[in-house]
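Source file: work_15.cif. Holds: mmCIF, C-alpha atoms (C1' of nucleotides).
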data_structure
#
loop_
_atom_site.label_atom_id
_atom_site.label_comp_id
_atom_site.auth_asym_id
_atom_site.auth_seq_id
_atom_site.Cartn_x
_atom_site.Cartn_y
_atom_site.Cartn_z
CA MET A 1 237.17 96.90 -33.06
CA LEU A 2 236.99 99.14 -36.09
CA SER A 3 235.27 98.42 -39.37
CA ILE A 4 237.13 99.29 -42.56
CA GLY A 5 234.99 102.41 -42.84
CA ASP A 6 235.91 103.53 -39.30
CA LEU A 7 239.56 102.99 -40.10
CA SER A 8 239.17 104.94 -43.31
CA ARG A 9 237.60 107.91 -41.51
CA LYS A 10 240.22 107.90 -38.77
CA THR A 11 243.20 107.77 -41.14
CA GLY A 12 241.92 109.55 -44.24
CA VAL A 13 242.84 106.53 -46.36
CA LYS A 14 240.01 105.48 -48.65
CA VAL A 15 238.38 102.11 -48.16
CA PRO A 16 239.45 100.57 -51.50
CA THR A 17 242.96 101.85 -50.84
CA ILE A 18 243.07 100.02 -47.51
CA ARG A 19 242.07 96.81 -49.26
CA TYR A 20 244.69 97.51 -51.91
CA TYR A 21 247.36 97.93 -49.22
CA GLU A 22 246.32 94.62 -47.75
CA GLN A 23 246.78 92.98 -51.14
CA MET A 24 250.21 94.61 -51.45
CA LYS A 25 251.01 93.32 -47.95
CA LEU A 26 251.68 96.78 -46.57
CA VAL A 27 249.14 96.01 -43.88
CA THR A 28 248.42 92.51 -42.66
CA ALA A 29 245.02 90.91 -43.19
CA PRO A 30 242.95 91.68 -40.08
CA GLU A 31 240.48 89.55 -38.19
CA ARG A 32 237.02 89.08 -39.66
CA SER A 33 233.55 89.40 -38.18
CA GLU A 34 231.06 86.53 -38.27
CA GLY A 35 229.86 87.87 -41.57
CA ASN A 36 233.40 88.07 -43.04
CA GLN A 37 233.91 91.80 -42.61
CA ARG A 38 237.31 93.20 -41.66
CA ARG A 39 237.78 94.23 -38.00
CA TYR A 40 240.77 96.35 -37.05
CA SER A 41 242.52 97.10 -33.78
CA ILE A 42 244.62 100.07 -32.65
CA VAL A 43 247.80 98.39 -33.93
CA GLU A 44 246.48 98.51 -37.47
CA LEU A 45 245.25 102.07 -37.01
CA GLU A 46 248.74 103.17 -36.04
CA ARG A 47 250.38 101.34 -38.88
CA LEU A 48 248.01 102.83 -41.43
CA THR A 49 248.52 106.30 -39.96
CA PHE A 50 252.25 105.85 -40.48
CA ILE A 51 251.66 104.78 -44.09
CA LYS A 52 249.30 107.67 -44.77
CA HIS A 53 251.72 110.16 -43.37
CA ALA A 54 254.61 108.78 -45.40
CA ARG A 55 252.49 108.77 -48.58
CA ASP A 56 251.49 112.38 -47.95
CA LEU A 57 255.19 113.16 -47.86
CA GLY A 58 255.46 111.54 -51.27
CA LEU A 59 257.38 108.44 -50.22
CA LYS A 60 256.97 105.48 -52.53
CA ILE A 61 255.34 102.30 -51.35
CA ASP A 62 258.68 100.47 -51.51
CA ALA A 63 260.35 103.08 -49.31
CA ILE A 64 257.50 102.84 -46.83
CA ARG A 65 257.81 99.09 -46.77
CA GLU A 66 261.51 99.51 -45.90
CA LEU A 67 260.71 101.95 -43.11
CA LEU A 68 258.07 99.61 -41.71
CA ASP A 69 260.59 96.77 -41.73
CA LEU A 70 263.08 99.00 -39.91
CA SER A 71 260.58 100.03 -37.29
CA ALA A 72 259.96 96.38 -36.55
CA HIS A 73 263.58 96.13 -35.36
CA PRO A 74 263.94 98.85 -32.69
CA GLU A 75 267.49 97.90 -31.72
CA GLN A 76 268.92 98.31 -35.21
CA PRO A 77 270.76 101.53 -36.05
CA CYS A 78 268.61 104.19 -37.63
CA ALA A 79 271.07 105.18 -40.35
CA ASP A 80 268.95 103.40 -42.95
CA ALA A 81 265.83 105.28 -41.97
CA ASN A 82 267.71 108.53 -42.22
CA ARG A 83 269.10 107.57 -45.59
CA ILE A 84 265.62 106.87 -46.95
CA ALA A 85 264.32 110.21 -45.71
CA GLU A 86 267.38 112.06 -47.04
CA ASP A 87 267.17 110.39 -50.43
CA HIS A 88 263.59 111.50 -50.63
CA LEU A 89 264.51 115.01 -49.62
CA ALA A 90 267.11 115.17 -52.38
CA ALA A 91 264.61 113.84 -54.94
CA THR A 92 262.05 116.40 -53.77
CA ARG A 93 264.54 119.22 -54.22
CA ASP A 94 265.43 118.04 -57.71
CA ARG A 95 261.79 117.95 -58.63
CA ILE A 96 261.21 121.47 -57.30
CA ALA A 97 264.14 122.79 -59.30
CA GLN A 98 262.85 121.10 -62.44
CA LEU A 99 259.36 122.48 -61.98
CA GLN A 100 260.76 125.96 -61.45
CA ARG A 101 262.54 125.78 -64.82
CA LEU A 102 259.28 124.70 -66.43
CA GLU A 103 257.45 127.50 -64.66
CA ALA A 104 259.86 130.04 -66.11
CA GLU A 105 259.30 128.72 -69.60
CA LEU A 106 255.54 128.68 -69.21
CA VAL A 107 255.63 132.29 -68.02
CA ARG A 108 257.66 133.24 -71.06
CA ILE A 109 255.28 131.43 -73.37
CA THR A 110 252.05 132.76 -71.91
CA GLU A 111 253.29 136.31 -71.49
CA GLY A 112 254.81 136.35 -74.95
CA CYS A 113 251.54 135.74 -76.70
CA HIS A 114 249.98 138.90 -78.12
CA GLY A 115 248.55 137.43 -81.28
CA ASP A 116 244.82 136.97 -81.45
CA SER A 117 244.49 134.09 -83.87
CA ILE A 118 246.19 130.73 -83.77
CA LYS A 119 248.45 131.52 -86.69
CA ASP A 120 250.18 134.22 -84.60
CA CYS A 121 249.83 132.46 -81.27
CA TYR A 122 253.07 132.42 -79.38
CA VAL A 123 252.00 129.42 -77.32
CA ILE A 124 251.58 127.28 -80.41
CA GLN A 125 254.73 128.67 -82.02
CA SER A 126 256.81 128.05 -78.94
CA LEU A 127 255.74 124.47 -78.81
CA SER A 128 256.35 123.98 -82.52
CA ASP A 129 259.77 125.51 -82.59
CA HIS A 130 262.13 124.30 -79.96
CA ALA A 131 264.66 126.96 -81.01
CA LEU A 132 262.52 129.59 -79.27
CA CYS A 133 263.24 128.02 -75.90
CA GLN A 134 265.70 129.69 -73.56
CA ASP A 135 267.10 126.59 -71.94
CA GLY A 136 267.86 123.26 -73.50
CA HIS A 137 265.38 120.85 -71.97
CA MET B 1 261.53 109.42 -95.78
CA LEU B 2 262.41 108.58 -92.21
CA SER B 3 262.19 105.22 -90.51
CA ILE B 4 260.71 105.11 -87.03
CA GLY B 5 264.25 104.87 -85.64
CA ASP B 6 265.32 108.00 -87.54
CA LEU B 7 262.30 109.86 -86.22
CA SER B 8 263.07 108.67 -82.73
CA ARG B 9 266.67 109.92 -82.89
CA LYS B 10 265.63 113.28 -84.32
CA THR B 11 262.92 113.96 -81.75
CA GLY B 12 264.19 112.14 -78.67
CA VAL B 13 260.92 110.21 -78.45
CA LYS B 14 261.49 106.49 -78.02
CA VAL B 15 260.37 104.10 -80.73
CA PRO B 16 257.70 102.29 -78.68
CA THR B 17 256.41 105.66 -77.53
CA ILE B 18 255.95 106.78 -81.14
CA ARG B 19 253.90 103.67 -81.84
CA TYR B 20 251.95 104.31 -78.67
CA TYR B 21 251.17 107.86 -79.80
CA GLU B 22 249.93 106.46 -83.09
CA GLN B 23 247.62 104.12 -81.21
CA MET B 24 246.39 107.06 -79.13
CA LYS B 25 245.85 109.00 -82.37
CA LEU B 26 248.16 111.80 -81.32
CA VAL B 27 250.04 111.20 -84.56
CA THR B 28 248.39 109.81 -87.68
CA ALA B 29 249.41 106.44 -89.07
CA PRO B 30 252.17 107.12 -91.63
CA GLU B 31 252.84 105.50 -95.00
CA ARG B 32 254.40 102.08 -95.03
CA SER B 33 257.35 100.64 -96.97
CA GLU B 34 257.00 97.56 -99.20
CA GLY B 35 257.84 95.47 -96.13
CA ASN B 36 255.23 97.21 -93.95
CA GLN B 37 257.58 99.46 -92.02
CA ARG B 38 256.57 103.01 -91.08
CA ARG B 39 257.95 105.83 -93.25
CA TYR B 40 257.68 109.40 -91.98
CA SER B 41 257.91 112.81 -93.65
CA ILE B 42 258.86 116.25 -92.30
CA VAL B 43 255.24 116.96 -91.38
CA GLU B 44 255.25 114.11 -88.90
CA LEU B 45 258.67 115.12 -87.61
CA GLU B 46 257.35 118.58 -86.79
CA ARG B 47 254.23 117.28 -85.14
CA LEU B 48 256.17 114.89 -82.98
CA THR B 49 258.63 117.64 -82.04
CA PHE B 50 255.66 119.71 -80.88
CA ILE B 51 254.38 116.81 -78.81
CA LYS B 52 257.78 116.10 -77.30
CA HIS B 53 258.24 119.70 -76.34
CA ALA B 54 254.81 119.92 -74.76
CA ARG B 55 255.39 116.69 -72.83
CA ASP B 56 258.74 118.02 -71.58
CA LEU B 57 256.79 120.97 -70.22
CA GLY B 58 254.61 118.50 -68.37
CA LEU B 59 251.44 118.99 -70.41
CA LYS B 60 249.07 116.04 -70.36
CA ILE B 61 248.28 114.13 -73.50
CA ASP B 62 244.73 115.50 -73.51
CA ALA B 63 245.98 119.08 -73.31
CA ILE B 64 248.38 118.40 -76.16
CA ARG B 65 245.59 116.93 -78.22
CA GLU B 66 243.61 120.13 -77.68
CA LEU B 67 246.56 122.28 -78.71
CA LEU B 68 247.10 120.18 -81.82
CA ASP B 69 243.45 120.58 -82.73
CA LEU B 70 243.76 124.32 -82.23
CA SER B 71 246.85 124.56 -84.38
CA ALA B 72 244.94 122.86 -87.18
CA HIS B 73 242.63 125.90 -87.28
CA PRO B 74 244.96 128.89 -87.77
CA GLU B 75 242.16 131.43 -88.11
CA GLN B 76 240.58 130.66 -84.76
CA PRO B 77 241.32 132.96 -81.83
CA CYS B 78 244.18 131.82 -79.66
CA ALA B 79 242.48 132.43 -76.32
CA ASP B 80 242.01 128.70 -75.84
CA ALA B 81 245.68 127.97 -76.39
CA ASN B 82 246.57 130.62 -73.87
CA ARG B 83 244.09 129.24 -71.39
CA ILE B 84 245.61 125.75 -71.65
CA ALA B 85 249.10 127.12 -71.10
CA GLU B 86 247.97 129.32 -68.22
CA ASP B 87 246.07 126.50 -66.54
CA HIS B 88 249.19 124.43 -66.72
CA LEU B 89 251.26 127.25 -65.30
CA ALA B 90 248.88 127.57 -62.36
CA ALA B 91 248.99 123.82 -61.75
CA THR B 92 252.78 123.89 -61.91
CA ARG B 93 252.94 126.66 -59.33
CA ASP B 94 250.59 124.77 -57.02
CA ARG B 95 252.74 121.70 -57.30
CA ILE B 96 255.90 123.67 -56.53
CA ALA B 97 254.31 125.18 -53.44
CA GLN B 98 253.18 121.76 -52.27
CA LEU B 99 256.61 120.24 -52.78
CA GLN B 100 258.21 123.11 -50.87
CA ARG B 101 256.01 122.37 -47.87
CA LEU B 102 257.03 118.73 -48.06
CA GLU B 103 260.66 119.76 -48.36
CA ALA B 104 260.41 121.77 -45.16
CA GLU B 105 258.96 118.84 -43.31
CA LEU B 106 261.57 116.43 -44.63
CA VAL B 107 264.31 118.81 -43.53
CA ARG B 108 262.78 118.97 -40.07
CA ILE B 109 262.53 115.19 -39.90
CA THR B 110 266.02 114.39 -41.14
CA GLU B 111 267.73 117.12 -39.13
CA GLY B 112 265.83 116.26 -36.00
CA CYS B 113 267.15 112.73 -35.82
CA HIS B 114 270.00 112.33 -33.37
CA GLY B 115 269.12 108.91 -32.07
CA ASP B 116 271.27 106.02 -33.18
CA SER B 117 268.88 103.12 -32.97
CA ILE B 118 265.42 102.78 -34.49
CA LYS B 119 263.67 103.08 -31.14
CA ASP B 120 264.94 106.67 -30.82
CA CYS B 121 264.83 107.50 -34.51
CA TYR B 122 263.11 110.77 -35.18
CA VAL B 123 262.32 109.78 -38.76
CA ILE B 124 260.32 106.79 -37.65
CA GLN B 125 258.71 108.69 -34.77
CA SER B 126 257.69 111.57 -36.99
CA LEU B 127 255.98 109.24 -39.39
CA SER B 128 254.25 107.36 -36.60
CA ASP B 129 252.97 110.37 -34.78
CA HIS B 130 251.22 112.92 -36.88
CA ALA B 131 251.05 115.28 -33.90
CA LEU B 132 254.77 116.00 -34.35
CA CYS B 133 254.10 117.66 -37.70
CA GLN B 134 254.25 121.44 -37.95
CA ASP B 135 251.60 121.89 -40.59
CA GLY B 136 248.40 119.99 -41.07
CA HIS B 137 248.88 118.07 -44.29
"C1'" DT C 1 210.59 91.67 -35.99
"C1'" DT C 2 210.86 93.25 -40.29
"C1'" DT C 3 212.28 96.56 -43.28
"C1'" DT C 4 215.29 99.77 -45.17
"C1'" DG C 5 219.40 101.88 -46.01
"C1'" DT C 6 224.09 101.96 -45.71
"C1'" DA C 7 228.37 99.54 -45.44
"C1'" DC C 8 230.78 95.81 -46.76
"C1'" DC C 9 232.44 91.67 -49.66
"C1'" DT C 10 235.08 89.78 -54.01
"C1'" DA C 11 236.74 90.03 -58.52
"C1'" DT C 12 237.73 92.47 -62.42
"C1'" DA C 13 238.77 96.31 -65.33
"C1'" DG C 14 240.19 101.05 -66.01
"C1'" DT C 15 243.42 105.04 -65.20
"C1'" DT C 16 248.19 107.59 -67.24
"C1'" DA C 17 251.85 107.38 -70.12
"C1'" DC C 18 254.41 104.64 -71.19
"C1'" DT C 19 258.08 100.29 -71.09
"C1'" DA C 20 259.22 95.48 -71.77
"C1'" DT C 21 258.88 91.12 -73.93
"C1'" DA C 22 258.40 87.49 -77.46
"C1'" DG C 23 258.52 85.76 -81.80
"C1'" DA C 24 258.48 86.90 -86.59
"C1'" DT C 25 259.90 89.73 -90.68
"C1'" DA C 26 262.56 93.63 -93.19
"C1'" DT C 27 266.40 96.18 -94.29
"C1'" DT C 28 271.14 97.25 -94.80
"C1'" DA C 29 276.25 96.81 -94.57
"C1'" DG C 30 279.99 94.02 -95.77
"C1'" DC D 1 274.57 86.27 -99.77
"C1'" DT D 2 274.86 86.51 -95.15
"C1'" DA D 3 274.87 88.51 -90.72
"C1'" DA D 4 273.60 92.16 -87.86
"C1'" DT D 5 270.41 95.37 -86.82
"C1'" DA D 6 265.86 97.39 -87.15
"C1'" DT D 7 261.23 96.83 -87.40
"C1'" DC D 8 256.65 94.49 -87.06
"C1'" DT D 9 252.42 92.95 -84.00
"C1'" DA D 10 250.38 91.67 -79.88
"C1'" DT D 11 250.39 91.26 -75.17
"C1'" DA D 12 251.57 92.15 -70.48
"C1'" DG D 13 253.70 94.89 -66.93
"C1'" DT D 14 254.57 99.42 -64.31
"C1'" DA D 15 252.69 102.65 -59.87
"C1'" DA D 16 249.23 103.49 -56.99
"C1'" DC D 17 245.30 103.51 -56.94
"C1'" DT D 18 239.91 104.15 -58.55
"C1'" DA D 19 235.62 102.43 -60.40
"C1'" DT D 20 232.26 99.00 -61.30
"C1'" DA D 21 229.14 95.04 -60.80
"C1'" DG D 22 226.69 91.86 -58.37
"C1'" DG D 23 225.97 90.13 -53.98
"C1'" DT D 24 225.97 89.92 -48.50
"C1'" DA D 25 226.11 92.00 -43.62
"C1'" DC D 26 224.85 95.06 -40.29
"C1'" DA D 27 222.42 98.77 -37.66
"C1'" DA D 28 218.59 101.59 -36.74
"C1'" DA D 29 213.73 102.78 -37.52
"C1'" DA D 30 208.84 101.23 -37.92
#
This entry written out as structure tokens:
Amino acid sequence: MLSIGDLSRKTGVKVPTIRYYEQMKLVTAPERSEGNQRRYSIVELERLTFIKHARDLGLKIDAIRELLDLSAHPEQPCADANRIAEDHLAATRDRIAQLQRLEAELVRITEGCHGDSIKDCYVIQSLSDHALCQDGH
Amino acid sequence: MLSIGDLSRKTGVKVPTIRYYEQMKLVTAPERSEGNQRRYSIVELERLTFIKHARDLGLKIDAIRELLDLSAHPEQPCADANRIAEDHLAATRDRIAQLQRLEAELVRITEGCHGDSIKDCYVIQSLSDHALCQDGH
DNA sequence: TTTTGTACCTATAGTTACTATAGATATTAG
DNA sequence: CTAATATCTATAGTAACTATAGGTACAAAA
């Protein structure tokens, strides 16, 4: 049996986060030792590994909860699981595209600045005057 | 003089958000009408436009506060303003790179799935078994 | 066996940047 | 003047944790 600290080290999920997941019912409350400390088995280690991995991929807790529910029903079709992953992929791509637009504007702003005091600073001016922007964000 | 609603429409910042910024002392408390409603001038419109623009670029409130402080001292050198913008640019690029790695893994996961029930679902398997990952995230 | 140090327990509050709600008052258009 | 809309304050909720305080359990050394 694993203590919460063992589980934390094996999964990379911090101890308070494990307790938080228990509260959120992402993981079920485990057995307790005589002295009321949590004791985990391999089942819980696997489940938490799944959660960690999905979180690393940026999936929201709600999406993970859905996937966990799906994996509890092995005979169901997996279209829903695919849909969740694909939705997340689409959202990730949108976010990348958005950040790339912001990157371009930040490059423009930082490279444009050749003043040496705030009153001529292109960074400050760019932020003050939206008209200087290239795209309409 | 502008009401809070006017200011909101002109800047695109929602009314409760404007009040929140006032509480956070990003904007100073404006004059009030006879009936205790906020009344804004052009100065506040410009400041809020600056804030909105910086937020759209993803700058944190603290960074914006720094920039606002800097812009209040026009004779100071603008190196600090540049540093803030450049730090943010670097952070943005890191985030893009990270999301691109996640994108690649999501593509692998979603394209790899040719099972039709959960027990063969590659999405679920990939999340369960970290060893299937290509990179060590 | 006792001590000592670390790990663990619960409950609560703080984080970021807002958003939502409730119940009361102000302003404005007709 | 009335009705509709806007505004006011204060409080709580959001996501996904993280930090803190005050107390108990456990494991290894003396």
Excluding same-chain residues fewer than 2 positions from Cys113 (chain B), what lies within 12 Å of it counting only C-alpha atoms (C1' of nucleotides), as a list in words? Pro77, Cys78, Ala79, Asp80, Ala81, Asn82, Arg83, Ala85 and Glu86 of chain A; Leu106, Val107, Arg108, Ile109, Thr110, Glu111, Gly115, Asp116, Ser117, Ile118, Lys119, Asp120, Cys121, Tyr122, Val123, Ile124, Gln125 and Ser126 of chain B
Please produce an output containing C-alpha atoms for each residue in the selection, written as a CSV table (one decimal), in the frame of the given file.
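Output (result_0.csv):
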chain,number,residue,atom,x,y,z
A,77,PRO,CA,270.8,101.5,-36.0
A,78,CYS,CA,268.6,104.2,-37.6
A,79,ALA,CA,271.1,105.2,-40.4
A,80,ASP,CA,269.0,103.4,-43.0
A,81,ALA,CA,265.8,105.3,-42.0
A,82,ASN,CA,267.7,108.5,-42.2
A,83,ARG,CA,269.1,107.6,-45.6
A,85,ALA,CA,264.3,110.2,-45.7
A,86,GLU,CA,267.4,112.1,-47.0
B,106,LEU,CA,261.6,116.4,-44.6
B,107,VAL,CA,264.3,118.8,-43.5
B,108,ARG,CA,262.8,119.0,-40.1
B,109,ILE,CA,262.5,115.2,-39.9
B,110,THR,CA,266.0,114.4,-41.1
B,111,GLU,CA,267.7,117.1,-39.1
B,115,GLY,CA,269.1,108.9,-32.1
B,116,ASP,CA,271.3,106.0,-33.2
B,117,SER,CA,268.9,103.1,-33.0
B,118,ILE,CA,265.4,102.8,-34.5
B,119,LYS,CA,263.7,103.1,-31.1
B,120,ASP,CA,264.9,106.7,-30.8
B,121,CYS,CA,264.8,107.5,-34.5
B,122,TYR,CA,263.1,110.8,-35.2
B,123,VAL,CA,262.3,109.8,-38.8
B,124,ILE,CA,260.3,106.8,-37.6
B,125,GLN,CA,258.7,108.7,-34.8
B,126,SER,CA,257.7,111.6,-37.0
Which residues of chain A are close to chain D, meaning at most 12 Å apart when you count only C-alpha atoms (C1' of nucleotides), and how do they look as an mmCIF file with C-alpha atoms, keeping the file's coordinate frame?
data_model
loop_
_atom_site.group_PDB
_atom_site.id
_atom_site.type_symbol
_atom_site.label_atom_id
_atom_site.label_comp_id
_atom_site.auth_asym_id
_atom_site.auth_seq_id
_atom_site.Cartn_x
_atom_site.Cartn_y
_atom_site.Cartn_z
ATOM 1 C CA SER A 3 235.270 98.420 -39.370
ATOM 2 C CA VAL A 13 242.840 106.530 -46.360
ATOM 3 C CA LYS A 14 240.010 105.480 -48.650
ATOM 4 C CA VAL A 15 238.380 102.110 -48.160
ATOM 5 C CA PRO A 16 239.450 100.570 -51.500
ATOM 6 C CA THR A 17 242.960 101.850 -50.840
ATOM 7 C CA ILE A 18 243.070 100.020 -47.510
ATOM 8 C CA ARG A 19 242.070 96.810 -49.260
ATOM 9 C CA TYR A 20 244.690 97.510 -51.910
ATOM 10 C CA TYR A 21 247.360 97.930 -49.220
ATOM 11 C CA MET A 24 250.210 94.610 -51.450
ATOM 12 C CA ARG A 32 237.020 89.080 -39.660
ATOM 13 C CA SER A 33 233.550 89.400 -38.180
ATOM 14 C CA GLU A 34 231.060 86.530 -38.270
ATOM 15 C CA GLY A 35 229.860 87.870 -41.570
ATOM 16 C CA ASN A 36 233.400 88.070 -43.040
ATOM 17 C CA GLN A 37 233.910 91.800 -42.610
ATOM 18 C CA ARG A 38 237.310 93.200 -41.660
ATOM 19 C CA ARG A 55 252.490 108.770 -48.580
ATOM 20 C CA GLY A 58 255.460 111.540 -51.270
ATOM 21 C CA LEU A 59 257.380 108.440 -50.220
ATOM 22 C CA LYS A 60 256.970 105.480 -52.530
ATOM 23 C CA ILE A 61 255.340 102.300 -51.350
ATOM 24 C CA ASP A 62 258.680 100.470 -51.510
#
To one decimal place, how far is CA of Leu26 (chain A) from CA of Arg65 (chain A) in Å? 6.6 Å
Quick one: apply the PyMOL selection byres ((chain C) within 9 of (chain A)) to the file and drop the selected residues here as a count of residues only. 3
One decimal, Å: what's the distance from CA of Leu7 (chain A) over to CA of Leu57 (chain A), could you say? 20.2 Å
d(CA of Arg95 (chain B), CA of Ala54 (chain B)) in Å: 17.7 Å
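Each of B:Ile64, B:Ile96, B:Ala104, B:Ala90 was checked against chain A using all atoms listed in the file; the smallest atom-to-atom distance is that of B:Ile96.
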Selection under test: the PyMOL selection byres ((chain A and resi 43) around 12); residues as a tab-separated table (two decimals) with C-alpha atoms, in the frame of the given file:
chain	number	residue	atom	x	y	z
A	1	MET	CA	237.17	96.90	-33.06
A	2	LEU	CA	236.99	99.14	-36.09
A	7	LEU	CA	239.56	102.99	-40.10
A	27	VAL	CA	249.14	96.01	-43.88
A	28	THR	CA	248.42	92.51	-42.66
A	30	PRO	CA	242.95	91.68	-40.08
A	39	ARG	CA	237.78	94.23	-38.00
A	40	TYR	CA	240.77	96.35	-37.05
A	41	SER	CA	242.52	97.10	-33.78
A	42	ILE	CA	244.62	100.07	-32.65
A	44	GLU	CA	246.48	98.51	-37.47
A	45	LEU	CA	245.25	102.07	-37.01
A	46	GLU	CA	248.74	103.17	-36.04
A	47	ARG	CA	250.38	101.34	-38.88
A	48	LEU	CA	248.01	102.83	-41.43
A	49	THR	CA	248.52	106.30	-39.96
A	50	PHE	CA	252.25	105.85	-40.48
B	128	SER	CA	254.25	107.36	-36.60
